[in-house]
Structures are given as C-alpha cells and as structure tokens.
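Below is start_7.pdb, holding PDB, C-alpha atoms.
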```pdb
ATOM      1  CA  GLN A 337     169.255 135.063  97.802  1.00  0.00           C
ATOM      2  CA  GLU A 338     168.012 133.267 100.870  1.00  0.00           C
ATOM      3  CA  GLN A 339     167.243 129.631 100.274  1.00  0.00           C
ATOM      4  CA  LEU A 340     166.307 126.645 102.419  1.00  0.00           C
ATOM      5  CA  VAL A 341     166.596 123.113 101.073  1.00  0.00           C
ATOM      6  CA  GLU A 342     165.078 120.226 102.992  1.00  0.00           C
ATOM      7  CA  SER A 343     165.845 116.531 102.873  1.00  0.00           C
ATOM      8  CA  GLY A 344     165.246 113.390 104.890  1.00  0.00           C
ATOM      9  CA  GLY A 345     161.577 112.742 104.342  1.00  0.00           C
ATOM     10  CA  GLY A 346     160.215 109.382 103.280  1.00  0.00           C
ATOM     11  CA  LEU A 347     158.077 106.393 104.169  1.00  0.00           C
ATOM     12  CA  VAL A 348     158.509 104.848 107.606  1.00  0.00           C
ATOM     13  CA  HIS A 349     156.625 102.293 109.675  1.00  0.00           C
ATOM     14  CA  PRO A 350     154.869 103.337 112.873  1.00  0.00           C
ATOM     15  CA  GLY A 351     157.400 103.511 115.679  1.00  0.00           C
ATOM     16  CA  GLY A 352     160.216 104.333 113.296  1.00  0.00           C
ATOM     17  CA  SER A 353     162.462 107.361 113.103  1.00  0.00           C
ATOM     18  CA  LEU A 354     163.462 109.979 110.563  1.00  0.00           C
ATOM     19  CA  ARG A 355     165.754 112.965 110.689  1.00  0.00           C
ATOM     20  CA  LEU A 356     164.859 115.951 108.557  1.00  0.00           C
ATOM     21  CA  SER A 357     167.595 118.351 107.519  1.00  0.00           C
ATOM     22  CA  CYS A 358     167.327 121.870 106.164  1.00  0.00           C
ATOM     23  CA  VAL A 359     170.401 123.571 104.694  1.00  0.00           C
ATOM     24  CA  ALA A 360     170.407 127.355 104.537  1.00  0.00           C
ATOM     25  CA  SER A 361     172.240 129.298 101.855  1.00  0.00           C
ATOM     26  CA  GLY A 362     172.607 132.999 101.198  1.00  0.00           C
ATOM     27  CA  PHE A 363     172.516 133.818 104.907  1.00  0.00           C
ATOM     28  CA  GLY A 364     173.699 132.469 108.266  1.00  0.00           C
ATOM     29  CA  LEU A 365     171.381 130.786 110.748  1.00  0.00           C
ATOM     30  CA  LYS A 366     173.019 132.293 113.817  1.00  0.00           C
ATOM     31  CA  TYR A 367     170.621 135.226 114.321  1.00  0.00           C
ATOM     32  CA  TYR A 368     167.502 133.494 113.076  1.00  0.00           C
ATOM     33  CA  GLY A 369     164.703 131.800 114.917  1.00  0.00           C
ATOM     34  CA  ILE A 370     164.118 128.441 113.262  1.00  0.00           C
ATOM     35  CA  GLY A 371     161.060 126.296 112.957  1.00  0.00           C
ATOM     36  CA  TRP A 372     159.535 123.148 111.528  1.00  0.00           C
ATOM     37  CA  PHE A 373     155.926 123.191 110.383  1.00  0.00           C
ATOM     38  CA  ARG A 374     153.744 120.531 108.793  1.00  0.00           C
ATOM     39  CA  GLN A 375     150.622 120.329 106.702  1.00  0.00           C
ATOM     40  CA  ALA A 376     148.521 117.208 106.335  1.00  0.00           C
ATOM     41  CA  PRO A 377     146.008 116.809 103.491  1.00  0.00           C
ATOM     42  CA  GLY A 378     142.906 118.855 104.138  1.00  0.00           C
ATOM     43  CA  LYS A 379     144.374 120.506 107.227  1.00  0.00           C
ATOM     44  CA  GLU A 380     145.956 123.825 108.001  1.00  0.00           C
ATOM     45  CA  ARG A 381     149.714 124.201 108.352  1.00  0.00           C
ATOM     46  CA  GLU A 382     150.771 123.911 111.984  1.00  0.00           C
ATOM     47  CA  GLY A 383     153.907 124.682 113.923  1.00  0.00           C
ATOM     48  CA  VAL A 384     155.656 121.540 115.121  1.00  0.00           C
ATOM     49  CA  SER A 385     158.771 122.873 116.831  1.00  0.00           C
ATOM     50  CA  CYS A 386     160.589 126.193 116.961  1.00  0.00           C
ATOM     51  CA  MET A 387     163.807 127.490 118.487  1.00  0.00           C
ATOM     52  CA  ASP A 388     164.583 131.010 119.670  1.00  0.00           C
ATOM     53  CA  ALA A 389     167.253 132.996 117.810  1.00  0.00           C
ATOM     54  CA  ASN A 390     168.944 134.248 120.977  1.00  0.00           C
ATOM     55  CA  ASP A 391     168.693 131.696 123.772  1.00  0.00           C
ATOM     56  CA  ASP A 392     167.852 128.461 121.912  1.00  0.00           C
ATOM     57  CA  SER A 393     164.711 127.992 123.987  1.00  0.00           C
ATOM     58  CA  THR A 394     162.280 125.679 122.251  1.00  0.00           C
ATOM     59  CA  PHE A 395     158.608 125.101 121.610  1.00  0.00           C
ATOM     60  CA  TYR A 396     157.057 121.733 120.784  1.00  0.00           C
ATOM     61  CA  ARG A 397     153.430 121.130 120.061  1.00  0.00           C
ATOM     62  CA  ASN A 398     151.923 118.761 122.613  1.00  0.00           C
ATOM     63  CA  SER A 399     151.507 115.847 120.232  1.00  0.00           C
ATOM     64  CA  VAL A 400     155.260 115.639 119.500  1.00  0.00           C
ATOM     65  CA  LYS A 401     156.720 116.389 122.921  1.00  0.00           C
ATOM     66  CA  GLY A 402     159.166 113.708 123.984  1.00  0.00           C
ATOM     67  CA  ARG A 403     159.354 112.304 120.443  1.00  0.00           C
ATOM     68  CA  PHE A 404     160.747 115.133 118.280  1.00  0.00           C
ATOM     69  CA  THR A 405     163.883 117.213 118.808  1.00  0.00           C
ATOM     70  CA  ILE A 406     164.811 120.408 117.005  1.00  0.00           C
ATOM     71  CA  SER A 407     168.439 121.444 116.648  1.00  0.00           C
ATOM     72  CA  ARG A 408     170.814 123.428 114.498  1.00  0.00           C
ATOM     73  CA  ASP A 409     174.475 123.334 113.572  1.00  0.00           C
ATOM     74  CA  ILE A 410     175.689 126.867 112.986  1.00  0.00           C
ATOM     75  CA  ALA A 411     178.974 125.691 111.448  1.00  0.00           C
ATOM     76  CA  LYS A 412     177.078 123.632 108.858  1.00  0.00           C
ATOM     77  CA  ASN A 413     174.324 126.248 108.484  1.00  0.00           C
ATOM     78  CA  THR A 414     171.835 123.433 108.882  1.00  0.00           C
ATOM     79  CA  MET A 415     168.802 122.808 111.054  1.00  0.00           C
ATOM     80  CA  TYR A 416     167.371 119.436 111.952  1.00  0.00           C
ATOM     81  CA  LEU A 417     164.235 117.749 113.217  1.00  0.00           C
ATOM     82  CA  GLN A 418     164.832 114.344 114.760  1.00  0.00           C
ATOM     83  CA  MET A 419     161.547 112.433 114.791  1.00  0.00           C
ATOM     84  CA  ASN A 420     161.239 109.260 116.851  1.00  0.00           C
ATOM     85  CA  SER A 421     158.316 106.964 117.669  1.00  0.00           C
ATOM     86  CA  LEU A 422     156.521 108.158 114.570  1.00  0.00           C
ATOM     87  CA  ARG A 423     152.772 107.726 114.329  1.00  0.00           C
ATOM     88  CA  PRO A 424     150.422 107.651 111.327  1.00  0.00           C
ATOM     89  CA  GLU A 425     149.051 111.027 112.431  1.00  0.00           C
ATOM     90  CA  ASP A 426     152.515 112.520 111.883  1.00  0.00           C
ATOM     91  CA  THR A 427     152.048 112.023 108.141  1.00  0.00           C
ATOM     92  CA  ALA A 428     152.333 115.401 106.426  1.00  0.00           C
ATOM     93  CA  VAL A 429     154.505 117.625 104.299  1.00  0.00           C
ATOM     94  CA  TYR A 430     157.112 119.116 106.603  1.00  0.00           C
ATOM     95  CA  TYR A 431     158.507 122.595 106.023  1.00  0.00           C
ATOM     96  CA  CYS A 432     161.482 124.322 107.564  1.00  0.00           C
ATOM     97  CA  ALA A 433     161.303 128.059 108.108  1.00  0.00           C
ATOM     98  CA  VAL A 434     163.443 130.819 109.550  1.00  0.00           C
ATOM     99  CA  LEU A 435     162.658 134.259 110.902  1.00  0.00           C
ATOM    100  CA  PHE A 436     165.336 136.854 111.644  1.00  0.00           C
ATOM    101  CA  GLY A 437     165.394 137.404 115.384  1.00  0.00           C
ATOM    102  CA  GLY A 438     162.449 135.093 115.784  1.00  0.00           C
ATOM    103  CA  SER A 439     161.446 133.466 119.045  1.00  0.00           C
ATOM    104  CA  GLN A 440     160.009 130.058 119.824  1.00  0.00           C
ATOM    105  CA  GLY A 441     156.666 131.788 119.424  1.00  0.00           C
ATOM    106  CA  PHE A 442     157.199 131.679 115.664  1.00  0.00           C
ATOM    107  CA  CYS A 443     155.433 128.339 115.745  1.00  0.00           C
ATOM    108  CA  THR A 444     152.191 129.772 117.053  1.00  0.00           C
ATOM    109  CA  LEU A 445     151.957 132.996 115.058  1.00  0.00           C
ATOM    110  CA  PRO A 446     148.703 132.993 113.072  1.00  0.00           C
ATOM    111  CA  ASN A 447     150.460 134.658 110.135  1.00  0.00           C
ATOM    112  CA  ALA A 448     153.648 132.557 110.278  1.00  0.00           C
ATOM    113  CA  GLN A 449     153.396 131.570 106.614  1.00  0.00           C
ATOM    114  CA  ALA A 450     153.667 135.216 105.584  1.00  0.00           C
ATOM    115  CA  LEU A 451     156.851 135.738 107.575  1.00  0.00           C
ATOM    116  CA  GLY A 452     160.469 134.776 107.083  1.00  0.00           C
ATOM    117  CA  SER A 453     161.800 132.283 104.568  1.00  0.00           C
ATOM    118  CA  TRP A 454     160.477 128.810 103.882  1.00  0.00           C
ATOM    119  CA  GLY A 455     161.729 125.589 102.366  1.00  0.00           C
ATOM    120  CA  GLN A 456     159.904 123.711  99.640  1.00  0.00           C
ATOM    121  CA  GLY A 457     158.646 120.943 101.907  1.00  0.00           C
ATOM    122  CA  THR A 458     159.431 117.249 102.260  1.00  0.00           C
ATOM    123  CA  GLN A 459     156.877 114.453 102.523  1.00  0.00           C
ATOM    124  CA  VAL A 460     156.806 112.263 105.607  1.00  0.00           C
ATOM    125  CA  THR A 461     154.529 109.239 105.457  1.00  0.00           C
ATOM    126  CA  VAL A 462     154.043 106.945 108.443  1.00  0.00           C
ATOM    127  CA  SER A 463     152.272 103.767 107.457  1.00  0.00           C
ATOM    128  CA  SER A 464     152.429 100.036 107.943  1.00  0.00           C
TER
END
```

Structure translated into structure tokens:
Amino acid sequence: QEQLVESGGGLVHPGGSLRLSCVASGFGLKYYGIGWFRQAPGKEREGVSCMDANDDSTFYRNSVKGRFTISRDIAKNTMYLQMNSLRPEDTAVYYCAVLFGGSQGFCTLPNAQALGSWGQGTQVTVSS
C-alpha cells in the first residue's frame, strides 16, 4: 500500500525557515515525479513546487522562487521542501504528492488532486 507521511510543519515568524519532509512507504520514489502543494483557508489547492521523475527538472510557482527548494533522497525514500524567508501569505496546509513518471508539470495540472498519491497534509503558519 502506497503511503506518504509528512512532517515538519509548525508555527514560524515571518522571515523564518521550515523544512517539510515526506516519507514514502510501499513504493520507491525513484521513478516518480514529486510535488508539494498547499491550500490556504477559502482558497483552492495550488502547486508550489514539483520535480520531474526522469531529469529532476523543477517547477516553482512565482511567489516562492528563490525562497523554496524541493529535493529528494532516493536512499531514504524521502522528499523535502526547504522553505526560507517565510511570509504570512505562505500560511497553508502543505501536501506532498507523487505521480508515477510525472513531470514538473504535475504542479499545474488542473486535475492534479485526482492523480497519484497524496499525504495527509501538514499545517504551516507564518505569523508574528
């Protein structure tokens, strides 16, 4: 059974940093496109950053470019989202997701939520 378990969320002051982790079990990450999505209250879920299954090319939404970094450790079967210079508008529930053979375009698919496997979400709150 494929499962993704996230950790690393919490409360942080503006300008602070967090690193989200997502451990995969029941399958290996090597041939999967990976992604981090977020959903703020009253808003639709949006793709934050995604990485291609084959060439590790990445997508970042404009508002997080230069601040967030997506990565994965195949040996640990874990994916990460390093978030620096956090802003109040980054407050949301963050979800990790994987799609077999997926590209960086996973982040911008209109039906992304219906595809692949998803974690349960972890709350990130940026507030002073």

Distance query stretch 448-458 of chain A at most 9 Å, all atoms listed in the file, self and fewer than 6 positions along chain excluded, as a list in words: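 Contacts, in chain order: Glu338, Gln339, Leu340, Val341, Glu342, Ser343, Gly344, Gly345, Gly346, Leu356, Cys358, Arg374, Arg381, Gly383, Ala428, Val429, Tyr430, Tyr431, Cys432, Ala433, Val434, Leu435, Phe436, Gly438 and Phe442 of chain A.
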
Gap from atom CA of A:Gly364 to atom CA of A:Ile406 - Å, one decimal: 17.3 Å

All residues 10 Å or closer to A:Lys366, all atoms listed in the file, same chain fewer than 3 positions away omitted, as a short mmCIF file (atom, residue, chain, number, x, y, z; two decimals) with C-alpha atoms, in the coordinates of the input:
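Writing done, so here's around34.cif:
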```
data_model
loop_
_atom_site.label_atom_id
_atom_site.label_comp_id
_atom_site.auth_asym_id
_atom_site.auth_seq_id
_atom_site.Cartn_x
_atom_site.Cartn_y
_atom_site.Cartn_z
CA PHE A 363 172.52 133.82 104.91
CA GLY A 369 164.70 131.80 114.92
CA ILE A 370 164.12 128.44 113.26
CA ALA A 389 167.25 133.00 117.81
CA ASN A 390 168.94 134.25 120.98
CA ARG A 408 170.81 123.43 114.50
CA ASP A 409 174.48 123.33 113.57
CA ILE A 410 175.69 126.87 112.99
CA ALA A 411 178.97 125.69 111.45
CA ASN A 413 174.32 126.25 108.48
CA PHE A 436 165.34 136.85 111.64
CA GLY A 437 165.39 137.40 115.38
#
```

Computed interatomic separation between atom CA of A:Asp391 and atom CA of A:Asp426 (Å):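 So the answer is 27.8 Å.
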
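Counting all atoms listed in the file and comparing A:Pro350, A:Gly362, A:Gly371, A:Pro424, the residue that lies closest to A:Phe395 is A:Gly371.
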
Since the input is missing atoms, can you rebuild N, CA and C atoms for stretch 429-459 of chain A and write them as a PDB file, keeping the file's coordinate frame?
```pdb
ATOM      1  N   VAL A 429     153.361 116.953 104.908  1.00  0.00           N
ATOM      2  CA  VAL A 429     154.505 117.625 104.299  1.00  0.00           C
ATOM      3  C   VAL A 429     155.114 118.513 105.375  1.00  0.00           C
ATOM      4  N   TYR A 430     156.405 118.358 105.575  1.00  0.00           N
ATOM      5  CA  TYR A 430     157.112 119.116 106.603  1.00  0.00           C
ATOM      6  C   TYR A 430     157.927 120.227 105.952  1.00  0.00           C
ATOM      7  N   TYR A 431     157.826 121.415 106.530  1.00  0.00           N
ATOM      8  CA  TYR A 431     158.507 122.595 106.023  1.00  0.00           C
ATOM      9  C   TYR A 431     159.442 123.157 107.081  1.00  0.00           C
ATOM     10  N   CYS A 432     160.634 123.554 106.676  1.00  0.00           N
ATOM     11  CA  CYS A 432     161.482 124.322 107.564  1.00  0.00           C
ATOM     12  C   CYS A 432     161.278 125.808 107.251  1.00  0.00           C
ATOM     13  N   ALA A 433     161.487 126.625 108.268  1.00  0.00           N
ATOM     14  CA  ALA A 433     161.303 128.059 108.108  1.00  0.00           C
ATOM     15  C   ALA A 433     162.218 128.794 109.071  1.00  0.00           C
ATOM     16  N   VAL A 434     162.597 130.000 108.689  1.00  0.00           N
ATOM     17  CA  VAL A 434     163.443 130.819 109.550  1.00  0.00           C
ATOM     18  C   VAL A 434     162.884 132.231 109.589  1.00  0.00           C
ATOM     19  N   LEU A 435     163.122 132.893 110.720  1.00  0.00           N
ATOM     20  CA  LEU A 435     162.658 134.259 110.902  1.00  0.00           C
ATOM     21  C   LEU A 435     163.748 135.024 111.636  1.00  0.00           C
ATOM     22  N   PHE A 436     164.248 136.097 111.034  1.00  0.00           N
ATOM     23  CA  PHE A 436     165.336 136.854 111.644  1.00  0.00           C
ATOM     24  C   PHE A 436     164.918 137.349 113.022  1.00  0.00           C
ATOM     25  N   GLY A 437     165.704 136.989 114.026  1.00  0.00           N
ATOM     26  CA  GLY A 437     165.394 137.404 115.384  1.00  0.00           C
ATOM     27  C   GLY A 437     164.177 136.737 115.990  1.00  0.00           C
ATOM     28  N   GLY A 438     163.687 135.727 115.344  1.00  0.00           N
ATOM     29  CA  GLY A 438     162.449 135.093 115.784  1.00  0.00           C
ATOM     30  C   GLY A 438     162.595 134.336 117.094  1.00  0.00           C
ATOM     31  N   SER A 439     161.488 134.208 117.788  1.00  0.00           N
ATOM     32  CA  SER A 439     161.446 133.466 119.045  1.00  0.00           C
ATOM     33  C   SER A 439     160.793 132.109 118.826  1.00  0.00           C
ATOM     34  N   GLN A 440     160.706 131.353 119.894  1.00  0.00           N
ATOM     35  CA  GLN A 440     160.009 130.058 119.824  1.00  0.00           C
ATOM     36  C   GLN A 440     158.537 130.256 119.508  1.00  0.00           C
ATOM     37  N   GLY A 441     158.059 131.467 119.743  1.00  0.00           N
ATOM     38  CA  GLY A 441     156.666 131.788 119.424  1.00  0.00           C
ATOM     39  C   GLY A 441     156.363 131.806 117.940  1.00  0.00           C
ATOM     40  N   PHE A 442     157.390 131.736 117.116  1.00  0.00           N
ATOM     41  CA  PHE A 442     157.199 131.679 115.664  1.00  0.00           C
ATOM     42  C   PHE A 442     156.211 130.589 115.304  1.00  0.00           C
ATOM     43  N   CYS A 443     156.271 129.494 116.046  1.00  0.00           N
ATOM     44  CA  CYS A 443     155.433 128.339 115.745  1.00  0.00           C
ATOM     45  C   CYS A 443     153.947 128.612 115.907  1.00  0.00           C
ATOM     46  N   THR A 444     153.596 129.553 116.747  1.00  0.00           N
ATOM     47  CA  THR A 444     152.191 129.772 117.053  1.00  0.00           C
ATOM     48  C   THR A 444     151.651 131.084 116.487  1.00  0.00           C
ATOM     49  N   LEU A 445     152.450 131.773 115.691  1.00  0.00           N
ATOM     50  CA  LEU A 445     151.957 132.996 115.058  1.00  0.00           C
ATOM     51  C   LEU A 445     150.901 132.658 114.016  1.00  0.00           C
ATOM     52  N   PRO A 446     149.757 133.301 114.053  1.00  0.00           N
ATOM     53  CA  PRO A 446     148.703 132.993 113.072  1.00  0.00           C
ATOM     54  C   PRO A 446     149.099 133.329 111.642  1.00  0.00           C
ATOM     55  N   ASN A 447     150.046 134.263 111.478  1.00  0.00           N
ATOM     56  CA  ASN A 447     150.460 134.658 110.135  1.00  0.00           C
ATOM     57  C   ASN A 447     151.863 134.160 109.813  1.00  0.00           C
ATOM     58  N   ALA A 448     152.280 133.045 110.435  1.00  0.00           N
ATOM     59  CA  ALA A 448     153.648 132.557 110.278  1.00  0.00           C
ATOM     60  C   ALA A 448     154.023 132.350 108.825  1.00  0.00           C
ATOM     61  N   GLN A 449     153.075 131.865 108.016  1.00  0.00           N
ATOM     62  CA  GLN A 449     153.396 131.570 106.614  1.00  0.00           C
ATOM     63  C   GLN A 449     153.787 132.806 105.832  1.00  0.00           C
ATOM     64  N   ALA A 450     153.357 133.978 106.286  1.00  0.00           N
ATOM     65  CA  ALA A 450     153.667 135.216 105.584  1.00  0.00           C
ATOM     66  C   ALA A 450     154.997 135.819 106.027  1.00  0.00           C
ATOM     67  N   LEU A 451     155.640 135.188 106.990  1.00  0.00           N
ATOM     68  CA  LEU A 451     156.851 135.738 107.575  1.00  0.00           C
ATOM     69  C   LEU A 451     158.062 134.885 107.218  1.00  0.00           C
ATOM     70  N   GLY A 452     159.220 135.502 107.205  1.00  0.00           N
ATOM     71  CA  GLY A 452     160.469 134.776 107.083  1.00  0.00           C
ATOM     72  C   GLY A 452     160.647 134.087 105.747  1.00  0.00           C
ATOM     73  N   SER A 453     161.507 133.075 105.751  1.00  0.00           N
ATOM     74  CA  SER A 453     161.800 132.283 104.568  1.00  0.00           C
ATOM     75  C   SER A 453     161.427 130.833 104.823  1.00  0.00           C
ATOM     76  N   TRP A 454     160.993 130.170 103.756  1.00  0.00           N
ATOM     77  CA  TRP A 454     160.477 128.810 103.882  1.00  0.00           C
ATOM     78  C   TRP A 454     161.139 127.882 102.881  1.00  0.00           C
ATOM     79  N   GLY A 455     161.284 126.610 103.286  1.00  0.00           N
ATOM     80  CA  GLY A 455     161.729 125.589 102.366  1.00  0.00           C
ATOM     81  C   GLY A 455     160.572 125.102 101.503  1.00  0.00           C
ATOM     82  N   GLN A 456     160.891 124.177 100.610  1.00  0.00           N
ATOM     83  CA  GLN A 456     159.904 123.711  99.640  1.00  0.00           C
ATOM     84  C   GLN A 456     159.038 122.590 100.188  1.00  0.00           C
ATOM     85  N   GLY A 457     159.427 122.004 101.299  1.00  0.00           N
ATOM     86  CA  GLY A 457     158.646 120.943 101.907  1.00  0.00           C
ATOM     87  C   GLY A 457     159.184 119.564 101.556  1.00  0.00           C
ATOM     88  N   THR A 458     159.040 118.633 102.489  1.00  0.00           N
ATOM     89  CA  THR A 458     159.431 117.249 102.260  1.00  0.00           C
ATOM     90  C   THR A 458     158.357 116.345 102.856  1.00  0.00           C
ATOM     91  N   GLN A 459     157.972 115.325 102.110  1.00  0.00           N
ATOM     92  CA  GLN A 459     156.877 114.453 102.523  1.00  0.00           C
ATOM     93  C   GLN A 459     157.361 113.427 103.541  1.00  0.00           C
TER      94      GLN A 459
END
```
